[in-house]
Structure formats: structure tokens, C-alpha cells
Amino acid sequence: MRKNELLDMLSISHTGLLDTLTGLTPEQMSQPGVTGVWSVKDILAHLAAWEAEVVKALNQVQNRQAPSMLNIEDIDEWDEEQYHINVERPLEVIRTDLAGVHKMLHHMIEDFDERALIDNRRYPWMEGEPLWFLVEDAVILHKQEHAEEIRAWRAKEKF
């Protein structure tokens, strides 16, 4: 995938997620049960945490280091830790974090060497995948997945 395609997909997935929030009140966004015990607010915090991990990973790559996120052994455990870190944080702070980390990731990708993003042999720790795959998997597809969960929850709750 070319850099401009990755940036377009990144923007589309982010906008799609934000569109699922249209018309929800802060109280509705804090209501548990969207997916498990997680509320919309918890999902947004979860996505911001993963997007921050990708920003950190790209920074590590630029500094010739393997991304530390590849060392997360138990993703469910990591997600649970992030949930407990963020559960008491206010919705507006989480929304600001999500917007900020999204903007940061977008700028990082814009500044990244395109060959470094698309060469599937450049980084052995990517096990044959190009670097853009990390962004697609951990951010783009992740946002699409959770946006669909929010849409389904809204339909069920009639919000």
C-alpha cells in the first residue's frame, strides 16, 4: 500500500469512528455494555492507547529499534491494564487524547520514507509484512471493528 493510500485509509477509519458518535450524549457514551463492560468512552480510550503504541513504534523504527509493541505477550491483559488506567478519566480528556494521537500518527506517516513503509523485507521483525501493515492492523482495522460494535450497540439500544 502506498503512503497516500495509507493516509487516506487512516483518515477514513477515524472519520467513520467519529461518525458513530454523532448524537450520543456524554451519559450514553459512558454507559457500559457496548462490548463486554466497556462503554463508548472505554473504547475510545482503548483505541487511543493502541494508536499511541503505533506512534511509539514508528518512532522506535526511525531510531533503528524494533517496536516494543511487538513484545506484548498477552494482548487481552494489556487491554485490561489500559482499561484500568483510563476508566476514571473524563470523556473529554479521552476524546482530546484520541484526536491528538491521531493527528500525530498522521504527521508521522506523512514524514515517513515511503520505501520504509512498503518494503516487506526491510524489517525482519515484521516477519515478511511491510511496515504499513502495523498501522493498518493496529489502527485502521481496529477502529473499523470498534466502530461496527458501536453501531450495533446503538441499534440495539435505539440511540
# chains A, B, ... in the order shown; residues from 1 in each chain; ligands from 1

call {"tool": "residues_around", "arguments": {"residues": "region 82-89 of chain A", "least_positions_apart": "2", "cutoff": "8 Å", "atoms": "only C-alpha atoms", "output": "PDB file with C-alpha atoms, in the first residue's frame"}}
result
ATOM      1  CA  ASP A  42     -13.684   2.993  27.215  1.00  0.00           C
ATOM      2  CA  ALA A  45      -9.515   5.217  25.372  1.00  0.00           C
ATOM      3  CA  HIS A  46      -8.597   1.738  24.140  1.00  0.00           C
ATOM      4  CA  ALA A  49      -3.839   3.687  23.658  1.00  0.00           C
ATOM      5  CA  TRP A  78      -2.532  -5.310  28.071  1.00  0.00           C
ATOM      6  CA  ASP A  79      -6.026  -4.143  27.081  1.00  0.00           C
ATOM      7  CA  GLU A  80      -7.253  -4.804  30.626  1.00  0.00           C
ATOM      8  CA  LEU A  91     -14.637  11.606  28.375  1.00  0.00           C
ATOM      9  CA  VAL A  93      -9.852  14.197  28.009  1.00  0.00           C
ATOM     10  CA  ILE A  94     -10.046  10.852  26.242  1.00  0.00           C
TER      11      ILE A  94
END

call {"tool": "residues_around", "arguments": {"residues": "Leu24 (chain A)", "least_positions_apart": "2", "cutoff": "12 Å", "atoms": "only C-alpha atoms", "output": "VMD selection string"}}
result
chain A and resid 18 to 22 26 to 31 39 to 41 150 to 151 153 to 154 157 to 159

call {"tool": "atom_distance", "arguments": {"atom1": "CA of Ile72 (chain A)", "atom2": "CA of Gly128 (chain A)"}}
result
19.1 Å

call {"tool": "atom_distance", "arguments": {"atom1": "CA of Arg121 (chain A)", "atom2": "CA of Glu145 (chain A)"}}
result
28.3 Å

call {"tool": "closest_residue", "arguments": {"among": "A:Ile140, A:Leu58, A:Ala116, A:Ala152", "to": "Gly16 (chain A)", "atoms": "only C-alpha atoms"}}
result
A:Ile140

call {"tool": "residues_around", "arguments": {"residues": "Met108 (chain A)", "least_positions_apart": "5", "cutoff": "10 Å", "atoms": "only C-alpha atoms", "output": "list in words"}}
result
Val55, Leu58, Asn59, His102, Lys103 and Asp113 of chain A

call {"tool": "residues_around", "arguments": {"residues": "Gln60 (chain A)", "least_positions_apart": "6", "cutoff": "12 Å", "atoms": "only C-alpha atoms", "output": "JSON, numbers by chain"}}
result
{"A": [53, 54, 66, 67, 68, 69, 70, 108]}

call {"tool": "write_last_selection", "arguments": {"atoms": "N, CA and C atoms", "output": "PDB file, in the first residue's frame"}}
result
ATOM      1  N   GLU A  53       0.585   3.504  20.860  1.00  0.00           N
ATOM      2  CA  GLU A  53       1.593   2.446  20.721  1.00  0.00           C
ATOM      3  C   GLU A  53       2.169   2.422  19.305  1.00  0.00           C
ATOM      4  N   VAL A  54       1.342   2.682  18.307  1.00  0.00           N
ATOM      5  CA  VAL A  54       1.824   2.707  16.923  1.00  0.00           C
ATOM      6  C   VAL A  54       2.717   3.928  16.696  1.00  0.00           C
ATOM      7  N   ALA A  66      13.486  -2.163  17.027  1.00  0.00           N
ATOM      8  CA  ALA A  66      12.256  -2.930  16.805  1.00  0.00           C
ATOM      9  C   ALA A  66      11.171  -2.367  17.716  1.00  0.00           C
ATOM     10  N   PRO A  67       9.938  -2.270  17.237  1.00  0.00           N
ATOM     11  CA  PRO A  67       8.856  -1.735  18.067  1.00  0.00           C
ATOM     12  C   PRO A  67       8.611  -2.586  19.314  1.00  0.00           C
ATOM     13  N   SER A  68       8.563  -1.920  20.448  1.00  0.00           N
ATOM     14  CA  SER A  68       8.325  -2.629  21.709  1.00  0.00           C
ATOM     15  C   SER A  68       6.925  -3.233  21.754  1.00  0.00           C
ATOM     16  N   MET A  69       5.988  -2.692  20.959  1.00  0.00           N
ATOM     17  CA  MET A  69       4.628  -3.243  20.980  1.00  0.00           C
ATOM     18  C   MET A  69       4.598  -4.683  20.484  1.00  0.00           C
ATOM     19  N   LEU A  70       5.615  -5.075  19.720  1.00  0.00           N
ATOM     20  CA  LEU A  70       5.676  -6.458  19.251  1.00  0.00           C
ATOM     21  C   LEU A  70       5.999  -7.429  20.382  1.00  0.00           C
ATOM     22  N   MET A 108       3.333  11.673  11.382  1.00  0.00           N
ATOM     23  CA  MET A 108       4.474  10.747  11.336  1.00  0.00           C
ATOM     24  C   MET A 108       4.501   9.975  10.025  1.00  0.00           C
TER      25      MET A 108
END

call {"tool": "atom_distance", "arguments": {"atom1": "CA of Val34 (chain A)", "atom2": "CA of Asp137 (chain A)"}}
result
21.5 Å
